[in-house]
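query-v1.cif (mmCIF, C-alpha atoms and all ligand atoms) appears below.
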data_data
loop_
_atom_site.label_atom_id
_atom_site.label_comp_id
_atom_site.auth_asym_id
_atom_site.auth_seq_id
_atom_site.Cartn_x
_atom_site.Cartn_y
_atom_site.Cartn_z
CA MET A 23 7.89 -11.88 10.04
CA SER A 24 9.23 -8.55 8.95
CA ALA A 25 11.84 -7.33 6.48
CA ARG A 26 13.70 -4.26 5.44
CA LEU A 27 12.50 -2.51 2.28
CA GLN A 28 15.05 -0.40 0.48
CA VAL A 29 14.56 1.83 -2.55
CA SER A 30 17.79 3.11 -4.11
CA ASN A 31 18.12 5.87 -6.69
CA LEU A 32 14.79 4.95 -8.25
CA VAL A 33 13.86 6.80 -11.43
CA LYS A 34 10.65 6.40 -13.43
CA ARG A 35 9.95 8.33 -16.60
CA PHE A 36 6.66 8.32 -18.45
CA GLY A 37 7.70 9.87 -21.77
CA GLY A 38 8.90 13.35 -20.85
CA LEU A 39 7.50 13.22 -17.31
CA THR A 40 9.77 12.16 -14.45
CA ALA A 41 7.30 10.58 -12.02
CA THR A 42 10.05 9.28 -9.70
CA ASN A 43 13.27 11.27 -9.48
CA ASP A 44 16.34 9.66 -7.87
CA MET A 45 14.26 8.36 -4.95
CA SER A 46 16.03 6.59 -2.10
CA PHE A 47 14.62 5.53 1.26
CA THR A 48 14.54 2.61 3.64
CA VAL A 49 11.75 1.18 5.76
CA GLU A 50 13.25 -0.84 8.61
CA PRO A 51 11.67 -4.07 9.86
CA GLY A 52 8.75 -3.30 12.16
CA GLU A 53 8.73 0.36 11.21
CA SER A 54 5.73 2.27 9.86
CA VAL A 55 6.54 5.12 7.48
CA GLY A 56 4.11 7.63 5.99
CA LEU A 57 4.63 8.66 2.36
CA ILE A 58 3.00 12.05 1.82
CA GLY A 59 2.78 14.64 -0.92
CA PRO A 60 0.22 16.44 -3.05
CA ASN A 61 -1.87 14.84 -5.75
CA GLY A 62 0.33 13.69 -8.62
CA ALA A 63 3.52 13.78 -6.51
CA GLY A 64 4.32 10.18 -7.49
CA LYS A 65 3.29 8.18 -4.41
CA THR A 66 1.29 5.50 -6.22
CA THR A 67 3.98 5.18 -8.91
CA ILE A 68 6.51 4.28 -6.19
CA PHE A 69 4.18 1.52 -4.98
CA SER A 70 3.70 0.25 -8.55
CA GLN A 71 7.46 0.01 -9.01
CA ILE A 72 8.01 -1.76 -5.69
CA MET A 73 5.39 -4.32 -6.77
CA GLY A 74 6.77 -4.63 -10.31
CA GLU A 75 3.56 -3.39 -11.92
CA HIS A 76 5.62 -0.64 -13.51
CA ARG A 77 9.26 -1.31 -14.31
CA GLN A 78 11.60 1.44 -13.09
CA THR A 79 13.64 3.38 -15.64
CA SER A 80 16.65 2.92 -13.34
CA GLY A 81 17.51 2.20 -9.73
CA GLN A 82 17.04 -0.77 -7.40
CA ILE A 83 14.57 -2.15 -4.88
CA HIS A 84 15.65 -4.61 -2.17
CA MET A 85 13.71 -6.73 0.30
CA GLY A 86 16.22 -7.58 2.98
CA GLU A 87 19.45 -8.52 1.22
CA GLN A 88 17.73 -9.54 -1.97
CA GLU A 89 17.24 -7.32 -4.99
CA ILE A 90 13.67 -7.68 -6.25
CA SER A 91 13.61 -4.98 -8.93
CA ALA A 92 13.80 -7.42 -11.85
CA LEU A 93 11.34 -9.99 -10.48
CA SER A 94 7.75 -10.58 -11.60
CA THR A 95 4.97 -9.29 -9.36
CA PRO A 96 4.07 -12.78 -8.03
CA ALA A 97 7.75 -13.42 -7.24
CA ARG A 98 7.90 -10.16 -5.29
CA ILE A 99 4.73 -11.11 -3.41
CA ARG A 100 6.45 -14.39 -2.47
CA ARG A 101 9.37 -12.34 -1.11
CA GLY A 102 6.88 -10.65 1.22
CA VAL A 103 5.88 -7.34 -0.30
CA SER A 104 2.20 -6.60 -0.84
CA ARG A 105 -0.01 -3.61 -1.51
CA THR A 106 -3.55 -2.30 -1.34
CA TYR A 107 -5.00 -0.09 -4.06
CA GLN A 108 -6.22 3.48 -3.84
CA VAL A 109 -9.47 2.33 -5.46
CA PRO A 110 -10.30 -1.14 -4.09
CA ARG A 111 -10.06 -3.76 -6.82
CA PRO A 112 -12.06 -6.82 -5.81
CA PHE A 113 -13.25 -9.29 -8.39
CA PRO A 114 -16.88 -8.15 -8.54
CA GLU A 115 -18.55 -11.44 -9.47
CA ILE A 116 -17.21 -13.55 -6.61
CA THR A 117 -17.70 -13.51 -2.84
CA VAL A 118 -15.59 -11.98 -0.07
CA ALA A 119 -14.23 -15.45 0.77
CA GLU A 120 -13.34 -16.13 -2.86
CA ASN A 121 -11.65 -12.74 -3.21
CA ILE A 122 -9.52 -13.59 -0.18
CA ARG A 123 -8.76 -16.96 -1.81
CA VAL A 124 -7.27 -15.11 -4.79
CA GLY A 125 -4.91 -13.37 -2.36
CA LEU A 126 -3.96 -16.74 -0.87
CA MET A 127 -2.83 -17.94 -4.30
CA PRO A 128 -1.32 -14.99 -6.12
CA ASP A 129 0.53 -17.03 -8.73
CA SER A 130 -2.29 -18.27 -10.89
CA VAL A 131 -5.94 -18.99 -11.20
CA TRP A 132 -4.84 -22.54 -12.07
CA GLN A 133 -3.45 -22.90 -8.55
CA MET A 134 -6.90 -22.00 -7.22
CA VAL A 135 -8.57 -24.61 -9.35
CA THR A 136 -6.12 -27.38 -8.46
CA ARG A 137 -5.60 -26.57 -4.81
CA GLY A 138 -9.16 -25.64 -3.99
CA ALA A 139 -10.42 -23.60 -1.08
CA ASP A 140 -8.95 -23.28 2.37
CA ARG A 141 -12.19 -22.13 3.93
CA ASP A 142 -10.73 -21.98 7.44
CA ARG A 143 -7.91 -19.67 6.38
CA GLU A 144 -10.31 -17.46 4.37
CA ARG A 145 -12.60 -17.20 7.39
CA GLU A 146 -9.69 -16.47 9.73
CA LEU A 147 -8.46 -13.63 7.50
CA ALA A 148 -11.96 -12.20 7.06
CA LEU A 149 -12.58 -12.16 10.81
CA ALA A 150 -9.11 -10.74 11.47
CA VAL A 151 -9.91 -7.61 9.44
CA GLY A 152 -13.29 -7.21 11.14
CA PHE A 153 -15.75 -8.93 8.82
CA ALA A 154 -18.69 -10.79 10.34
CA GLU A 155 -19.25 -14.45 9.53
CA ALA A 156 -22.21 -13.53 7.31
CA ASP A 157 -20.00 -11.30 5.13
CA LEU A 158 -18.00 -14.24 3.78
CA ASP A 159 -20.59 -15.04 1.14
CA ARG A 160 -21.42 -11.46 0.16
CA THR A 161 -20.26 -10.01 -3.15
CA PRO A 162 -18.30 -6.72 -3.36
CA ALA A 163 -21.36 -4.90 -4.75
CA GLU A 164 -23.05 -5.43 -1.38
CA LEU A 165 -20.16 -3.91 0.60
CA SER A 166 -19.66 -0.39 1.94
CA MET A 167 -16.41 1.43 1.13
CA GLY A 168 -15.18 0.59 4.65
CA ASP A 169 -15.81 -3.10 4.00
CA LEU A 170 -14.09 -2.89 0.60
CA ARG A 171 -11.01 -1.52 2.39
CA LYS A 172 -11.20 -4.40 4.85
CA LEU A 173 -11.31 -6.77 1.89
CA GLU A 174 -8.21 -5.07 0.44
CA MET A 175 -6.46 -5.61 3.77
CA ALA A 176 -7.55 -9.25 3.93
CA ARG A 177 -6.41 -9.95 0.35
CA THR A 178 -3.07 -8.37 1.18
CA LEU A 179 -2.70 -10.27 4.46
CA ALA A 180 -3.52 -13.49 2.61
CA THR A 181 -0.17 -13.22 0.81
CA ASP A 182 1.57 -13.44 4.22
CA PRO A 183 3.38 -10.12 3.73
CA LYS A 184 6.44 -8.86 5.55
CA VAL A 185 5.90 -5.32 4.30
CA MET A 186 2.49 -3.83 3.55
CA LEU A 187 2.08 -0.86 1.23
CA LEU A 188 -1.24 0.91 1.88
CA ASP A 189 -2.35 3.38 -0.81
CA GLU A 190 -4.82 6.11 0.26
CA VAL A 191 -6.06 3.76 2.91
CA PHE A 192 -8.66 6.20 4.28
CA ALA A 193 -10.01 7.62 0.99
CA GLY A 194 -13.79 7.66 0.84
CA LEU A 195 -14.28 6.39 4.38
CA THR A 196 -16.59 7.69 7.11
CA VAL A 197 -15.14 8.73 10.47
CA GLY A 198 -16.24 5.39 11.94
CA GLU A 199 -14.68 3.41 9.10
CA ILE A 200 -11.41 5.36 9.47
CA ALA A 201 -11.36 4.35 13.15
CA THR A 202 -11.91 0.70 12.23
CA ILE A 203 -9.13 0.60 9.63
CA SER A 204 -6.78 2.55 11.94
CA ALA A 205 -7.36 0.04 14.72
CA LEU A 206 -6.59 -2.78 12.30
CA VAL A 207 -3.32 -1.16 11.21
CA GLN A 208 -2.39 -0.54 14.86
CA LYS A 209 -3.08 -4.18 15.71
CA LEU A 210 -0.83 -5.32 12.85
CA ARG A 211 1.88 -2.88 13.95
CA ASP A 212 1.72 -4.33 17.45
CA GLN A 213 2.27 -7.74 15.85
CA GLY A 214 5.44 -6.40 14.19
CA MET A 215 4.23 -5.72 10.64
CA THR A 216 6.22 -3.22 8.55
CA PHE A 217 4.23 -0.49 6.77
CA LEU A 218 4.62 2.16 4.12
CA ILE A 219 1.38 4.17 4.15
CA VAL A 220 0.09 6.79 1.72
CA SER A 221 -2.75 8.97 2.98
CA HIS A 222 -3.87 12.49 2.22
CA ASP A 223 -5.78 12.38 5.52
CA LEU A 224 -2.78 13.47 7.58
CA LYS A 225 -4.73 13.57 10.83
CA ALA A 226 -5.62 9.89 10.48
CA LEU A 227 -2.12 9.01 9.26
CA GLU A 228 -0.10 10.65 12.03
CA PRO A 229 -0.83 8.16 14.86
CA LEU A 230 -0.04 5.22 12.56
CA ILE A 231 3.52 6.17 11.59
CA ASP A 232 6.95 6.37 13.19
CA ARG A 233 8.17 8.93 10.67
CA ALA A 234 7.27 10.54 7.36
CA ILE A 235 8.75 11.03 3.90
CA ALA A 236 7.40 13.94 1.86
CA ILE A 237 7.68 13.96 -1.90
CA ASP A 238 6.79 16.49 -4.56
CA ARG A 239 7.00 16.03 -8.33
CA GLY A 240 8.77 12.71 -7.88
CA THR A 241 11.48 14.08 -5.60
CA LYS A 242 11.94 13.53 -1.88
CA ILE A 243 11.77 16.95 -0.20
CA ALA A 244 11.74 16.04 3.52
CA GLU A 245 12.12 13.02 5.78
CA GLY A 246 11.95 12.61 9.54
CA ALA A 247 9.57 12.98 12.47
CA TYR A 248 6.04 13.71 11.27
CA SER A 249 5.84 17.04 13.13
CA GLU A 250 9.09 18.24 11.57
CA VAL A 251 8.22 17.12 8.07
CA ILE A 252 4.82 18.76 8.21
CA ALA A 253 6.35 22.02 9.50
CA ASP A 254 8.96 22.07 6.71
CA ALA A 255 8.62 25.15 4.51
CA GLY A 256 9.14 23.18 1.30
CA VAL A 257 6.48 20.64 2.28
CA ARG A 258 3.98 23.38 3.12
CA ALA A 259 4.68 25.10 -0.20
CA SER A 260 4.27 21.83 -2.13
CA TYR A 261 0.81 21.26 -0.67
CA LEU A 262 -0.25 24.83 -1.40
CA GLY A 263 1.08 24.76 -4.95
CA GLY A 264 0.15 21.15 -5.72
CA GLY A 265 -3.08 19.24 -5.93
CA GLY A 266 -4.28 20.74 -2.66
CA ASP A 267 -5.66 17.46 -1.40
CA ALA A 268 -4.54 17.84 2.19
N1 LIG A 301 0.83 4.98 -16.41
C1 LIG A 301 1.15 6.28 -16.46
N2 LIG A 301 1.46 6.87 -17.62
C2 LIG A 301 1.80 8.17 -17.67
N3 LIG A 301 1.85 8.98 -16.61
C3 LIG A 301 1.55 8.45 -15.41
C4 LIG A 301 1.19 7.07 -15.26
N4 LIG A 301 0.95 6.83 -13.95
C5 LIG A 301 1.15 7.99 -13.31
N5 LIG A 301 1.52 8.97 -14.18
C6 LIG A 301 1.85 10.36 -13.84
O1 LIG A 301 2.88 10.32 -12.85
C7 LIG A 301 2.68 11.34 -11.88
C8 LIG A 301 2.58 10.71 -10.52
O2 LIG A 301 1.34 10.03 -10.41
P1 LIG A 301 0.94 9.18 -9.13
O3 LIG A 301 2.06 8.29 -8.77
O4 LIG A 301 -0.37 8.54 -9.41
O5 LIG A 301 0.77 10.32 -8.04
P2 LIG A 301 0.13 10.30 -6.57
O6 LIG A 301 -0.18 8.86 -6.23
O7 LIG A 301 1.16 10.90 -5.68
O8 LIG A 301 -1.10 11.15 -6.64
C9 LIG A 301 1.44 12.11 -12.30
O9 LIG A 301 1.87 13.23 -13.04
C10 LIG A 301 0.72 11.12 -13.18
O10 LIG A 301 -0.09 11.78 -14.12
MG MG A 302 -1.96 7.95 -5.77
#
Would you mind writing the file out in structure tokens?
Amino acid sequence: MSARLQVSNLVKRFGGLTATNDMSFTVEPGESVGLIGPNGAGKTTIFSQIMGEHRQTSGQIHMGEQEISALSTPARIRRGVSRTYQVPRPFPEITVAENIRVGLMPDSVWQMVTRGADRDRERELALAVGFAEADLDRTPAELSMGDLRKLEMARTLATDPKVMLLDEVFAGLTVGEIATISALVQKLRDQGMTFLIVSHDLKALEPLIDRAIAIDRGTKIAEGAYSEVIADAGVRASYLGGGGDA
């Protein structure tokens, strides 16, 4: 299942700072869009607003025909939007399988207690992102950064998303781990998943996206084919003048 994600005239102010400035874009069902821009450009803040972790100052967010911008985060997850975090955020004291279980039941810990484990589904999700059987009972402290990213993907997939938002999906990974995560994203794209992907590793990002949106200081500065966006004079200047992380 896939759905259209639409952001319309989104504004987010943190005190005097405008982190998102009249941002509008659409990600069509089955499309994969790269969201690029220097450090501090406002990429993560857009994700936080789509998920309802930060409430927008103004503007709307739609999933398909439905406006989701006033819903709680769990309600948005039920509508099919889900994200990974720039820094993986597993629960450290519990196993890989149990962390995936949390993703399966995003509404409450109570649900987990009353409904119990669906070990088959946890296993299926773990194997789908490339874990080995033996990893199911490991704790996050035992995992490499590549495995933590797999766990982020599995927790996100557990919510049965229609649109996946991936934040700095390659940060801290080895070349081999980048290849593994890329292959996973490609597999999901082939299955029709819709993606909005943030990555400062543009080389790794390029093959995973249909087009790119470049932002700087909260404002969209270019949108279109990756090669055109990356050649845009304003985009080049923003990277040189900004955080310089690409
Ligand atoms: N919770 C917050 N409170 C205040 N300022 C914030 C908060 N979150 C992000 N910002 C600021 O908003 C801007 C955009 O940040 P962010 O979305 O994290 O950028 P990016 O993900 O593109 O690096 C930055 O200037 C950052 O310092
Ligand atoms: Mg960020």
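Between atom C4 of ligand LIG 301 (chain A) and atom CA of Met167 of chain A there is a distance of 24.7 Å.
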* Structure fact -> Here atom CA of Arg35 of chain A and atom CA of Ser221 of chain A stand apart by 23.3 Å
Taking a cut-off of 9 Å and counting only C-alpha atoms and all ligand atoms, can you build a table that, for each residue of chain A near ligand LIG 301 (chain A), reports the nearest atom pair and how far apart they are in Å (one decimal), sorted by chain then residue number, as JSON lines?
{"residue": "A:Lys34", "atom": "CA", "partner": "A:LIG301", "partner_atom": "O1", "distance": 8.7}
{"residue": "A:Arg35", "atom": "CA", "partner": "A:LIG301", "partner_atom": "N3", "distance": 8.1}
{"residue": "A:Phe36", "atom": "CA", "partner": "A:LIG301", "partner_atom": "C2", "distance": 4.9}
{"residue": "A:Gly37", "atom": "CA", "partner": "A:LIG301", "partner_atom": "C2", "distance": 7.4}
{"residue": "A:Leu39", "atom": "CA", "partner": "A:LIG301", "partner_atom": "O1", "distance": 7.0}
{"residue": "A:Thr40", "atom": "CA", "partner": "A:LIG301", "partner_atom": "O1", "distance": 7.3}
{"residue": "A:Ala41", "atom": "CA", "partner": "A:LIG301", "partner_atom": "O1", "distance": 4.5}
{"residue": "A:Thr42", "atom": "CA", "partner": "A:LIG301", "partner_atom": "C8", "distance": 7.6}
{"residue": "A:Ile58", "atom": "CA", "partner": "A:LIG301", "partner_atom": "O7", "distance": 7.8}
{"residue": "A:Gly59", "atom": "CA", "partner": "A:LIG301", "partner_atom": "O7", "distance": 6.3}
{"residue": "A:Pro60", "atom": "CA", "partner": "A:LIG301", "partner_atom": "O7", "distance": 6.2}
{"residue": "A:Asn61", "atom": "CA", "partner": "A:LIG301", "partner_atom": "O8", "distance": 3.9}
{"residue": "A:Gly62", "atom": "CA", "partner": "A:LIG301", "partner_atom": "O5", "distance": 3.4}
{"residue": "A:Ala63", "atom": "CA", "partner": "A:LIG301", "partner_atom": "O7", "distance": 3.8}
{"residue": "A:Gly64", "atom": "CA", "partner": "A:LIG301", "partner_atom": "O3", "distance": 3.2}
{"residue": "A:Lys65", "atom": "CA", "partner": "A:LIG301", "partner_atom": "O7", "distance": 3.7}
{"residue": "A:Thr66", "atom": "CA", "partner": "A:LIG301", "partner_atom": "O6", "distance": 3.7}
{"residue": "A:Thr67", "atom": "CA", "partner": "A:LIG301", "partner_atom": "O3", "distance": 3.7}
{"residue": "A:Ile68", "atom": "CA", "partner": "A:LIG301", "partner_atom": "O3", "distance": 6.5}
{"residue": "A:Phe69", "atom": "CA", "partner": "A:LIG301", "partner_atom": "O3", "distance": 8.0}
{"residue": "A:Ser70", "atom": "CA", "partner": "A:LIG301", "partner_atom": "O3", "distance": 8.2}
{"residue": "A:His76", "atom": "CA", "partner": "A:LIG301", "partner_atom": "N1", "distance": 7.9}
{"residue": "A:Gln108", "atom": "CA", "partner": "A:LIG301", "partner_atom": "O6", "distance": 8.4}
{"residue": "A:Asp189", "atom": "CA", "partner": "A:LIG301", "partner_atom": "O6", "distance": 8.0}
{"residue": "A:Glu190", "atom": "CA", "partner": "A:LIG301", "partner_atom": "O6", "distance": 8.4}
{"residue": "A:Val220", "atom": "CA", "partner": "A:LIG301", "partner_atom": "O6", "distance": 8.2}
{"residue": "A:Ile237", "atom": "CA", "partner": "A:LIG301", "partner_atom": "O7", "distance": 8.1}
{"residue": "A:Asp238", "atom": "CA", "partner": "A:LIG301", "partner_atom": "O7", "distance": 8.0}
{"residue": "A:Arg239", "atom": "CA", "partner": "A:LIG301", "partner_atom": "C8", "distance": 7.3}
{"residue": "A:Gly240", "atom": "CA", "partner": "A:LIG301", "partner_atom": "C8", "distance": 7.0}
{"residue": "A:Gly265", "atom": "CA", "partner": "A:LIG301", "partner_atom": "O8", "distance": 8.4}
Next, write the just-selected residues to a file, as a PDB file, in the frame of the given file, keeping C-alpha atoms as the atom set.
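Generated file (out21.pdb):
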ATOM      1  CA  LYS A  34      10.650   6.400 -13.430  1.00  0.00           C
ATOM      2  CA  ARG A  35       9.950   8.330 -16.600  1.00  0.00           C
ATOM      3  CA  PHE A  36       6.660   8.320 -18.450  1.00  0.00           C
ATOM      4  CA  GLY A  37       7.700   9.870 -21.770  1.00  0.00           C
ATOM      5  CA  LEU A  39       7.500  13.220 -17.310  1.00  0.00           C
ATOM      6  CA  THR A  40       9.770  12.160 -14.450  1.00  0.00           C
ATOM      7  CA  ALA A  41       7.300  10.580 -12.020  1.00  0.00           C
ATOM      8  CA  THR A  42      10.050   9.280  -9.700  1.00  0.00           C
ATOM      9  CA  ILE A  58       3.000  12.050   1.820  1.00  0.00           C
ATOM     10  CA  GLY A  59       2.780  14.640  -0.920  1.00  0.00           C
ATOM     11  CA  PRO A  60       0.220  16.440  -3.050  1.00  0.00           C
ATOM     12  CA  ASN A  61      -1.870  14.840  -5.750  1.00  0.00           C
ATOM     13  CA  GLY A  62       0.330  13.690  -8.620  1.00  0.00           C
ATOM     14  CA  ALA A  63       3.520  13.780  -6.510  1.00  0.00           C
ATOM     15  CA  GLY A  64       4.320  10.180  -7.490  1.00  0.00           C
ATOM     16  CA  LYS A  65       3.290   8.180  -4.410  1.00  0.00           C
ATOM     17  CA  THR A  66       1.290   5.500  -6.220  1.00  0.00           C
ATOM     18  CA  THR A  67       3.980   5.180  -8.910  1.00  0.00           C
ATOM     19  CA  ILE A  68       6.510   4.280  -6.190  1.00  0.00           C
ATOM     20  CA  PHE A  69       4.180   1.520  -4.980  1.00  0.00           C
ATOM     21  CA  SER A  70       3.700   0.250  -8.550  1.00  0.00           C
ATOM     22  CA  HIS A  76       5.620  -0.640 -13.510  1.00  0.00           C
ATOM     23  CA  GLN A 108      -6.220   3.480  -3.840  1.00  0.00           C
ATOM     24  CA  ASP A 189      -2.350   3.380  -0.810  1.00  0.00           C
ATOM     25  CA  GLU A 190      -4.820   6.110   0.260  1.00  0.00           C
ATOM     26  CA  VAL A 220       0.090   6.790   1.720  1.00  0.00           C
ATOM     27  CA  ILE A 237       7.680  13.960  -1.900  1.00  0.00           C
ATOM     28  CA  ASP A 238       6.790  16.490  -4.560  1.00  0.00           C
ATOM     29  CA  ARG A 239       7.000  16.030  -8.330  1.00  0.00           C
ATOM     30  CA  GLY A 240       8.770  12.710  -7.880  1.00  0.00           C
ATOM     31  CA  GLY A 265      -3.080  19.240  -5.930  1.00  0.00           C
TER      32      GLY A 265
END
* To do: Between A:Phe113, A:Phe192, A:Tyr248, A:Tyr261, single out the one closest to Pro162 of chain A, counting only C-alpha atoms.
  => A:Phe113
* Structure fact -> Nearest to ligand MG 302 (chain A), restricted to all atoms listed in the file and choosing among A:Val118, A:Val124, A:Met175, A:Ala193, comes out as A:Ala193
* Residue nearest ligand MG 302 (chain A) among A:Leu57, A:Ala176, A:Val29, A:Ile116 (counting all atoms listed in the file) -> A:Leu57
* Asked: Which of these, A:Ser260, A:Thr106, A:Ser24, A:Leu32, has the shortest distance to Arg77 of chain A once you count all atoms listed in the file?
  -> A:Leu32
Using all atoms of segment 100-116 of chain A that appear in the file, construct an axis-aligned enclosing box with 5 Å of padding on every side and provide its centre coordinates and edge lengths in Å, rounded to one decimal, as lines of an AutoDock Vina configuration file.
center_x = -4.6
center_y = -5.5
center_z = -4.1
size_x = 37.9
size_y = 27.9
size_z = 20.7
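With distances restricted to only C-alpha atoms and all ligand atoms, A:Ile219 is the closest residue to ligand MG 302 (chain A) from A:Asp159, A:Arg101, A:Asn31, A:Ile219.
Nearest to Arg145 of chain A of all the residues A:Ala180, A:Val109, A:Ala163, A:Ile83 is A:Ala180, based on all atoms listed in the file.
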* **Ser94 of chain A environment, 10 Å, all atoms listed in the file, sequence neighbours closer than 3 positions dropped, as a list in words** => Met73, Gly74, Glu75, Arg77, Ile90, Ser91, Ala97, Arg98, Ile99 and Arg100 of chain A
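In this model, the gap between atom CA of Thr79 of chain A and atom CA of Arg26 of chain A comes to 22.4 Å.
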* Find the spatial neighbours of Leu218 of chain A, counting all atoms listed in the file, within a cut-off of 9 Å - ignore same-chain residues fewer than 6 positions away - and output them as number ranges by chain. => A: 49, 53-57, 185-189, 231
* To do: Show which residues sit within 9 Å of Glu199 of chain A, as JSON, numbers by chain. Count all atoms listed in the file, and ignore same-chain residues fewer than 3 positions away.
  => {"A": [167, 168, 169, 192, 195, 196, 202, 203, 204]}
* What residues have an atom no more than 12 Å from (-1.7, -14.4, 0.3) in the file's own frame, counting only C-alpha atoms, and can you write them as JSON, numbers by chain? -> {"A": [96, 98, 99, 100, 101, 102, 103, 104, 105, 121, 122, 123, 124, 125, 126, 127, 128, 129, 130, 134, 140, 143, 144, 147, 174, 175, 176, 177, 178, 179, 180, 181, 182, 183, 184, 186]}
* Within 9 Å of (6.8, 19.2, 5.1) (coordinates as in the file), grab all the protein and nucleic acid residues, counting all atoms listed in the file, and write them out as a list in words. => Ile58, Gly59, Ala234, Ile235, Ala236, Ile237, Ile243, Ala244, Glu245, Tyr248, Ser249, Glu250, Val251, Ile252, Ala253, Asp254, Ala255, Gly256, Val257, Arg258, Ala259, Ser260 and Tyr261 of chain A
